[in-house]
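What follows is start_12.csv (CSV, C-alpha atoms).
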```csv
chain,number,residue,atom,x,y,z
A,1,LEU,CA,263.3,142.0,12.1
A,2,VAL,CA,262.0,139.5,9.6
A,3,HIS,CA,258.3,139.3,8.6
A,4,PRO,CA,257.9,136.1,6.5
A,5,ILE,CA,254.2,136.6,5.8
A,6,LYS,CA,253.2,140.2,5.0
A,7,SER,CA,251.2,141.8,7.9
A,8,CYS,CA,251.7,138.8,10.1
A,9,LYS,CA,253.9,138.5,13.2
A,10,GLY,CA,257.5,139.4,12.8
A,11,THR,CA,260.6,137.8,14.4
A,12,SER,CA,263.6,139.5,15.9
A,13,VAL,CA,266.7,137.6,14.7
A,14,GLN,CA,270.4,137.8,15.8
A,15,GLU,CA,271.5,137.7,12.2
A,16,ALA,CA,270.0,137.5,8.7
A,17,ASN,CA,271.3,137.0,5.2
A,18,TYR,CA,270.2,139.5,2.6
A,19,THR,CA,269.9,139.7,-1.1
A,20,LEU,CA,268.9,142.6,-3.4
A,21,GLU,CA,265.3,141.7,-2.6
A,22,GLY,CA,265.7,142.3,1.1
A,23,LEU,CA,266.3,140.2,4.3
A,24,GLU,CA,266.1,136.5,3.6
A,25,HIS,CA,262.4,135.3,3.7
A,26,ASP,CA,261.1,138.8,4.6
A,27,ARG,CA,257.6,139.3,3.1
A,28,LYS,CA,258.3,136.3,0.8
A,29,TRP,CA,254.7,135.2,1.4
A,30,CYS,CA,251.4,137.1,1.5
A,31,ILE,CA,247.7,136.4,2.0
A,32,VAL,CA,245.4,137.2,-0.9
A,33,LYS,CA,241.6,137.4,-1.3
A,34,ALA,CA,240.4,134.3,-3.3
A,35,GLU,CA,238.0,136.4,-5.3
A,36,ASN,CA,240.5,138.8,-6.9
A,37,ASN,CA,244.0,137.9,-5.7
A,38,GLN,CA,244.3,141.2,-3.9
A,39,VAL,CA,246.8,141.3,-1.0
A,40,VAL,CA,245.1,141.3,2.5
A,41,THR,CA,246.9,143.3,5.2
A,42,ALA,CA,246.4,144.1,8.8
A,43,ARG,CA,245.0,147.5,7.8
A,44,GLU,CA,241.7,145.6,7.1
A,45,ALA,CA,242.2,142.4,9.1
A,46,SER,CA,244.1,143.6,12.2
A,47,LYS,CA,244.2,140.1,13.9
A,48,MET,CA,246.6,139.0,11.1
A,49,VAL,CA,249.4,140.3,13.3
A,50,LEU,CA,248.7,137.4,15.7
A,51,ILE,CA,249.4,134.8,13.0
A,52,HIS,CA,252.9,133.5,13.8
A,53,PRO,CA,255.1,132.3,10.9
A,54,ARG,CA,258.4,130.6,11.9
A,55,ILE,CA,261.3,129.7,9.7
A,56,ILE,CA,262.3,126.1,10.3
A,57,PRO,CA,265.6,125.5,8.4
A,58,GLU,CA,266.5,121.9,7.4
A,59,LEU,CA,269.8,121.8,5.6
A,60,SER,CA,269.3,118.2,4.4
A,61,SER,CA,266.0,119.1,2.7
A,62,PRO,CA,266.1,120.0,-1.0
A,63,GLU,CA,263.6,122.8,-0.2
A,64,GLY,CA,265.7,124.2,2.7
A,65,GLY,CA,263.1,123.4,5.4
A,66,LEU,CA,259.7,124.7,6.3
A,67,LEU,CA,257.6,127.8,7.0
A,68,GLU,CA,255.5,126.8,10.0
A,69,VAL,CA,252.4,128.9,10.6
A,70,SER,CA,250.5,128.9,13.9
A,71,PHE,CA,247.4,130.7,15.2
A,72,PRO,CA,246.4,132.1,18.6
A,73,ASP,CA,245.5,129.3,21.0
A,74,ASP,CA,241.9,130.5,21.3
A,75,SER,CA,241.3,130.2,17.6
A,76,GLY,CA,241.2,126.4,17.8
A,77,LEU,CA,243.1,126.2,14.5
A,78,GLU,CA,245.9,123.7,13.8
A,79,THR,CA,249.4,124.7,12.8
A,80,PHE,CA,250.4,124.0,9.2
A,81,SER,CA,253.7,124.0,7.3
A,82,VAL,CA,254.7,124.7,3.7
A,83,PRO,CA,258.1,124.3,1.9
A,84,LEU,CA,260.5,127.1,2.7
A,85,ASN,CA,262.0,127.3,-0.8
A,86,PRO,CA,259.6,125.4,-3.1
A,87,GLY,CA,261.4,124.1,-6.1
A,88,GLU,CA,260.3,124.0,-9.8
A,89,ASP,CA,258.6,120.6,-9.4
A,90,THR,CA,256.6,121.8,-6.4
A,91,LEU,CA,255.6,125.1,-8.1
A,92,ARG,CA,254.4,123.2,-11.2
A,93,LYS,CA,251.8,121.5,-9.0
A,94,TRP,CA,250.6,124.8,-7.4
A,95,GLN,CA,248.3,127.3,-9.0
A,96,ASN,CA,250.0,130.3,-10.5
A,97,LEU,CA,248.5,133.7,-10.3
A,98,ASP,CA,249.2,137.4,-10.6
A,99,VAL,CA,248.9,139.2,-7.2
A,100,GLU,CA,247.4,142.7,-6.9
A,101,LEU,CA,249.2,145.1,-4.5
A,102,TRP,CA,248.6,148.9,-4.5
A,103,ALA,CA,246.2,148.6,-7.5
A,104,LYS,CA,248.9,146.9,-9.6
A,105,LYS,CA,248.4,143.2,-10.5
A,106,ASP,CA,251.9,142.4,-11.6
A,107,ILE,CA,253.5,140.2,-8.9
A,108,GLU,CA,253.9,136.5,-9.7
A,109,GLY,CA,252.7,134.2,-7.0
A,110,TYR,CA,251.8,130.5,-6.3
A,111,ILE,CA,249.1,129.3,-3.9
A,112,CYS,CA,250.8,127.3,-1.2
A,113,GLU,CA,249.7,123.7,-0.4
A,114,THR,CA,250.6,121.3,2.4
A,115,VAL,CA,251.5,117.7,2.0
A,116,THR,CA,249.2,116.5,4.9
A,117,GLY,CA,246.5,118.1,6.9
A,118,GLN,CA,244.2,121.0,6.1
A,119,SER,CA,245.3,123.4,3.4
A,120,PRO,CA,246.6,126.8,4.3
A,121,SER,CA,243.7,128.3,2.3
A,122,THR,CA,241.1,126.5,4.5
A,123,LEU,CA,242.7,127.4,7.8
A,124,LEU,CA,243.5,131.1,6.9
A,125,SER,CA,240.0,131.6,5.5
A,126,GLU,CA,238.4,130.4,8.7
A,127,TYR,CA,240.7,132.7,10.8
A,128,ILE,CA,240.2,135.8,8.7
A,129,GLY,CA,236.6,135.3,8.0
A,130,TYR,CA,236.4,135.1,4.2
A,131,PRO,CA,238.1,133.0,1.4
A,132,VAL,CA,241.8,133.7,1.1
A,133,HIS,CA,245.0,131.9,0.0
A,134,LEU,CA,248.6,131.8,1.2
A,135,VAL,CA,250.8,132.8,-1.7
A,136,VAL,CA,254.6,132.6,-2.1
A,137,LYS,CA,256.4,135.0,-4.4
A,138,GLY,CA,257.2,133.5,-7.8
A,139,PRO,CA,260.6,133.8,-9.6
A,140,ARG,CA,259.5,136.6,-12.0
A,141,VAL,CA,261.3,139.8,-10.9
A,142,ARG,CA,259.2,142.6,-9.3
A,143,ILE,CA,260.8,146.0,-9.7
A,144,CYS,CA,260.4,148.7,-7.1
A,145,PRO,CA,258.5,151.9,-8.0
A,146,PRO,CA,260.7,154.9,-8.8
A,147,THR,CA,261.2,157.8,-6.4
A,148,LEU,CA,261.8,161.5,-7.0
A,149,ARG,CA,265.5,160.9,-6.2
A,150,PHE,CA,265.7,157.7,-8.1
A,151,PRO,CA,263.5,158.0,-11.2
A,152,LYS,CA,265.2,155.0,-12.8
A,153,LEU,CA,265.2,152.7,-9.8
A,154,ASP,CA,265.5,149.0,-10.8
A,155,ALA,CA,265.8,147.3,-7.4
A,156,PRO,CA,263.8,144.0,-7.0
A,157,SER,CA,261.5,143.2,-4.1
A,158,TYR,CA,259.1,140.5,-2.7
A,159,PHE,CA,255.7,141.5,-1.2
A,160,GLN,CA,257.0,144.6,0.6
A,161,ASP,CA,254.8,147.7,0.1
A,162,GLY,CA,257.5,149.1,-2.2
A,163,TYR,CA,261.1,148.6,-1.3
A,164,PRO,CA,263.4,145.8,0.0
A,165,LEU,CA,264.4,147.4,3.4
A,166,LEU,CA,262.8,149.6,6.0
A,167,LEU,CA,265.2,151.2,8.4
A,168,MET,CA,264.6,153.4,11.5
A,169,SER,CA,266.4,154.4,14.7
A,170,GLU,CA,265.5,153.8,18.3
A,171,GLU,CA,265.8,157.5,18.9
A,172,SER,CA,263.0,158.1,16.4
A,173,VAL,CA,260.7,155.7,18.2
A,174,ASN,CA,261.6,157.4,21.5
A,175,ALA,CA,260.7,160.8,20.0
A,176,VAL,CA,257.3,159.5,19.0
A,177,GLN,CA,256.8,158.1,22.4
A,178,GLU,CA,257.5,161.5,24.0
A,179,ARG,CA,254.9,163.1,21.8
A,180,ILE,CA,252.4,160.5,22.7
A,181,ARG,CA,252.9,161.3,26.4
A,182,ASP,CA,252.4,165.0,25.6
A,183,MET,CA,249.1,164.3,23.8
A,184,VAL,CA,247.4,162.1,26.4
A,185,GLY,CA,243.8,163.3,26.6
A,186,ILE,CA,244.1,165.1,23.2
A,187,GLN,CA,242.7,163.8,19.8
A,188,GLY,CA,241.6,160.5,21.3
A,189,VAL,CA,245.0,159.6,22.9
A,190,GLY,CA,243.9,157.4,25.8
A,191,GLU,CA,245.1,157.6,29.4
A,192,LYS,CA,246.8,154.2,29.1
A,193,TRP,CA,249.5,155.9,27.1
A,194,GLU,CA,250.7,157.7,30.2
A,195,LYS,CA,252.5,154.5,31.0
A,196,GLU,CA,252.3,152.2,28.0
A,197,GLU,CA,255.3,151.9,25.8
A,198,LEU,CA,255.2,152.2,22.0
A,199,VAL,CA,257.1,149.1,20.7
A,200,VAL,CA,259.2,149.4,17.5
A,201,GLU,CA,257.5,146.3,16.1
A,202,ARG,CA,254.4,148.4,15.3
A,203,PHE,CA,256.3,150.1,12.6
A,204,ARG,CA,257.5,146.8,11.1
A,205,PRO,CA,261.0,147.8,10.3
A,206,ASN,CA,263.8,145.4,9.1
A,207,ILE,CA,266.8,147.2,10.7
A,208,VAL,CA,266.7,149.2,13.8
A,209,PHE,CA,269.8,151.2,14.8
A,210,LYS,CA,270.8,153.4,17.7
A,211,GLY,CA,273.6,155.8,18.8
A,212,ALA,CA,272.9,158.7,16.4
A,213,GLY,CA,272.3,161.0,19.3
A,214,ALA,CA,269.2,162.5,17.8
A,215,PRO,CA,265.8,161.3,16.4
A,216,PHE,CA,265.0,161.0,12.7
A,217,VAL,CA,268.7,161.1,11.6
A,218,GLU,CA,267.6,158.6,8.9
A,219,ASP,CA,265.8,161.5,7.2
A,220,VAL,CA,269.2,163.0,6.2
A,221,ILE,CA,271.3,159.8,5.4
A,222,THR,CA,271.3,158.9,1.8
A,223,GLU,CA,273.9,156.1,1.8
A,224,LEU,CA,275.1,153.8,4.5
A,225,SER,CA,276.7,150.4,5.0
A,226,ILE,CA,276.6,148.0,7.9
A,227,VAL,CA,279.8,146.3,9.0
A,228,SER,CA,280.9,144.1,11.8
A,229,ASP,CA,284.1,146.1,12.4
A,230,ARG,CA,283.7,149.9,13.0
A,231,ASP,CA,287.2,150.5,11.6
A,232,ALA,CA,286.6,148.5,8.4
A,233,LEU,CA,285.5,151.6,6.4
A,234,ASP,CA,287.0,150.2,3.2
A,235,ALA,CA,285.9,146.6,3.7
A,236,PRO,CA,283.6,145.1,1.1
A,237,ALA,CA,280.0,145.8,2.1
A,238,SER,CA,276.7,146.4,0.6
A,239,ILE,CA,275.9,150.1,0.1
A,240,ILE,CA,272.3,150.8,1.2
A,241,HIS,CA,270.7,153.7,-0.6
A,242,LEU,CA,267.9,155.3,1.3
A,243,VAL,CA,265.5,156.2,-1.5
A,244,SER,CA,262.5,157.6,0.2
A,245,LYS,CA,260.8,158.3,3.5
A,246,CYS,CA,258.2,155.8,4.7
A,247,ALA,CA,254.8,157.3,4.5
A,248,ARG,CA,252.6,155.8,7.2
A,249,CYS,CA,249.1,154.5,7.2
A,250,LEU,CA,247.0,153.2,10.2
A,251,LEU,CA,248.8,149.8,10.4
A,252,PRO,CA,251.1,150.9,13.3
A,253,ASN,CA,248.0,151.6,15.3
A,254,VAL,CA,247.5,147.8,15.6
A,255,ASP,CA,248.7,146.3,18.9
A,256,THR,CA,251.1,143.5,18.0
A,257,VAL,CA,250.1,141.6,21.2
A,258,THR,CA,246.3,141.9,21.1
A,259,GLY,CA,245.6,142.5,17.4
A,260,VAL,CA,243.3,145.5,18.3
A,261,ARG,CA,243.7,148.8,16.5
A,262,ASP,CA,244.1,151.9,18.6
A,263,ASN,CA,241.9,154.9,17.7
A,264,ALA,CA,244.8,157.4,17.8
A,265,VAL,CA,248.2,156.0,18.5
A,266,PRO,CA,250.6,156.5,16.8
A,267,TYR,CA,248.9,157.8,13.6
A,268,LYS,CA,247.2,161.0,15.0
A,269,VAL,CA,250.4,161.8,17.0
A,270,ILE,CA,252.8,161.6,14.0
A,271,MET,CA,250.3,163.5,11.9
A,272,ASN,CA,251.0,166.5,14.2
A,273,PHE,CA,254.7,166.7,13.5
A,274,ARG,CA,255.8,164.3,10.8
A,275,LYS,CA,253.5,165.3,7.9
A,276,GLY,CA,254.6,166.9,4.7
A,277,LEU,CA,258.1,165.4,4.6
A,278,ASP,CA,257.6,163.1,1.6
A,279,PRO,CA,257.1,165.2,-1.6
A,280,ALA,CA,255.3,162.4,-3.2
A,281,ARG,CA,252.8,162.0,-0.3
A,282,ARG,CA,252.7,165.3,1.6
A,283,GLY,CA,249.5,164.5,3.3
A,284,ALA,CA,250.9,161.4,5.0
A,285,PRO,CA,253.1,161.3,8.1
A,286,CYS,CA,256.6,159.7,7.8
A,287,VAL,CA,258.6,157.6,10.2
A,288,GLY,CA,261.6,155.5,9.0
A,289,CYS,CA,263.1,155.3,5.5
A,290,ASN,CA,263.0,152.9,2.6
A,291,GLY,CA,266.2,151.4,1.4
A,292,VAL,CA,267.6,149.3,-1.5
A,293,LEU,CA,270.7,147.1,-1.4
A,294,THR,CA,273.6,146.8,-3.9
A,295,ARG,CA,274.9,143.3,-3.1
A,296,GLU,CA,274.3,140.2,-1.0
A,297,GLY,CA,275.6,139.8,2.6
A,298,VAL,CA,274.8,139.2,6.2
A,299,VAL,CA,273.7,141.7,8.9
A,300,LYS,CA,274.0,140.9,12.6
A,301,VAL,CA,272.8,142.5,15.9
A,302,GLY,CA,275.7,144.6,17.1
A,303,ASP,CA,277.0,145.6,13.7
A,304,TRP,CA,278.1,149.1,13.0
A,305,VAL,CA,276.3,151.6,10.8
A,306,ILE,CA,278.7,153.6,8.6
A,307,VAL,CA,277.2,156.7,7.1
A,308,ARG,CA,278.6,157.2,3.6
A,309,LYS,CA,276.6,160.2,2.4
A,310,MET,CA,274.2,162.6,3.8
A,311,GLY,CA,271.5,164.7,2.2
A,312,ILE,CA,267.7,164.9,2.1
A,313,VAL,CA,265.9,161.5,1.6
```

When written as structure tokens, how does the structure in this file appear?
Amino acid sequence: LVHPIKSCKGTSVQEANYTLEGLEHDRKWCIVKAENNQVVTAREASKMVLIHPRIIPELSSPEGGLLEVSFPDDSGLETFSVPLNPGEDTLRKWQNLDVELWAKKDIEGYICETVTGQSPSTLLSEYIGYPVHLVVKGPRVRICPPTLRFPKLDAPSYFQDGYPLLLMSEESVNAVQERIRDMVGIQGVGEKWEKEELVVERFRPNIVFKGAGAPFVEDVITELSIVSDRDALDAPASIIHLVSKCARCLLPNVDTVTGVRDNAVPYKVIMNFRKGLDPARRGAPCVGCNGVLTREGVVKVGDWVIVRKMGIV
């Protein structure tokens, strides 16, 4: 799953290139408040999940193609496009700024502009309801924060909350689903959840795997690789280090189809059985794990996950 603009609609892809910064184009853009350059997320503007960015590759273009951004039909807003890989000449024409994320104003960004039509800032501001800009990550490297297991972590990232990759298993999502069914009528879990399915997209992972035979196996995998041939144990492949559990906020409560935030699901549910697992944030529930990469490559649907080391993430 690739999410080109942070907190906006993601896209399931059959294959994706990856670099040390994560899946190609994942969270390469974000939306910031015009007044202070602070990142806006669906935690505060839930209908952001209905903004649909699409990667339109164009091999003949020096900038690799376009990022096309559309809005829900009932918004009345026009679709716009910006360069996919803006070059130095383009960036020199755009305003440079330092983006604030998680109280740190240290990410280089550029305010995106279109060649024709209304600007991204105008359209996005009208949709969200206050002045904002679309920003693309600048070339200055952003280093991930250290974790207890990796105090000297030096992996780069884009506008992800902290780390280049987020991984989780289908079995983990199914386990949360079962708990939701058990809690219908308790702590605000509505009756609709007797039948409604919890979709994995709510957790906004990059890589979803299955076949472990038990939920939350990612909690105890510390190193893995992803290969196209299950027998190619010694083939060159990027080692993925799982560096921390993913502490969750209320964002997964936002319905990816309607943009409406549920009062309870899944946050109140996972608080009942997934809290206290991350030593750095013991009060937050955890689902999925954050990962860093060691080389560039390609990942495809149907690839095999090879567990290299196990331990406590």

Residue contacts of segment 19-23 of chain A (7 Å, only C-alpha atoms) excluding same-chain residues fewer than 2 positions away, as an mmCIF file with C-alpha atoms, keeping the file's coordinate frame:
```
data_model
loop_
_atom_site.group_PDB
_atom_site.id
_atom_site.type_symbol
_atom_site.label_atom_id
_atom_site.label_comp_id
_atom_site.auth_asym_id
_atom_site.auth_seq_id
_atom_site.Cartn_x
_atom_site.Cartn_y
_atom_site.Cartn_z
ATOM 1 C CA VAL A 2 262.000 139.500 9.600
ATOM 2 C CA ALA A 16 270.000 137.500 8.700
ATOM 3 C CA ASN A 17 271.300 137.000 5.200
ATOM 4 C CA HIS A 25 262.400 135.300 3.700
ATOM 5 C CA ASP A 26 261.100 138.800 4.600
ATOM 6 C CA ALA A 155 265.800 147.300 -7.400
ATOM 7 C CA PRO A 156 263.800 144.000 -7.000
ATOM 8 C CA SER A 157 261.500 143.200 -4.100
ATOM 9 C CA TYR A 158 259.100 140.500 -2.700
ATOM 10 C CA PRO A 164 263.400 145.800 0.000
ATOM 11 C CA LEU A 165 264.400 147.400 3.400
ATOM 12 C CA LEU A 293 270.700 147.100 -1.400
ATOM 13 C CA THR A 294 273.600 146.800 -3.900
ATOM 14 C CA ARG A 295 274.900 143.300 -3.100
ATOM 15 C CA GLU A 296 274.300 140.200 -1.000
ATOM 16 C CA GLY A 297 275.600 139.800 2.600
#
```

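Remark: for Phe273 of chain A, the closest of the candidate residues A:Phe80, A:Trp304, A:Trp94, A:Phe216 is A:Phe216 (distances computed over all atoms listed in the file).
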
| query | Skipping near chain neighbours, those fewer than 6 positions away, what residues fall within 12 Å of Glu191 of chain A using all atoms listed in the file, listed as a ChimeraX atom specification? | reply | /A:180-185,264-265

Expected file: the selected residues, C-alpha atoms, as a JSON list (two decimals), in the coordinates of the input:
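Produced file again-v5.json, reproduced below:
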```
[["chain", "number", "residue", "atom", "x", "y", "z"],
["A", 180, "ILE", "CA", 252.40, 160.50, 22.70],
["A", 181, "ARG", "CA", 252.90, 161.30, 26.40],
["A", 182, "ASP", "CA", 252.40, 165.00, 25.60],
["A", 183, "MET", "CA", 249.10, 164.30, 23.80],
["A", 184, "VAL", "CA", 247.40, 162.10, 26.40],
["A", 185, "GLY", "CA", 243.80, 163.30, 26.60],
["A", 264, "ALA", "CA", 244.80, 157.40, 17.80],
["A", 265, "VAL", "CA", 248.20, 156.00, 18.50]]
```

| field | Thr11 of chain A environment, 9 Å, all atoms listed in the file, sequence neighbours closer than 6 positions dropped, as a ChimeraX atom specification | value | /A:1-4,52-54

Selection file, C-alpha atoms, as an mmCIF file, in the coordinates of the input:
```
data_model
loop_
_atom_site.group_PDB
_atom_site.id
_atom_site.type_symbol
_atom_site.label_atom_id
_atom_site.label_comp_id
_atom_site.auth_asym_id
_atom_site.auth_seq_id
_atom_site.Cartn_x
_atom_site.Cartn_y
_atom_site.Cartn_z
ATOM 1 C CA LEU A 1 263.300 142.000 12.100
ATOM 2 C CA VAL A 2 262.000 139.500 9.600
ATOM 3 C CA HIS A 3 258.300 139.300 8.600
ATOM 4 C CA PRO A 4 257.900 136.100 6.500
ATOM 5 C CA HIS A 52 252.900 133.500 13.800
ATOM 6 C CA PRO A 53 255.100 132.300 10.900
ATOM 7 C CA ARG A 54 258.400 130.600 11.900
#
```

| said: as a ChimeraX atom specification, please: the residues near His241 of chain A (cut-off 8 Å, all atoms listed in the file, same-chain neighbours under 3 positions excluded). | reply: /A:222-224,291-293

| Residues at most 7 Å from segment 195-199 of chain A, counting only C-alpha atoms, excluding those fewer than 3 positions away in the same chain, as an NGL selection string? | :A and (177 or 192 or 202)
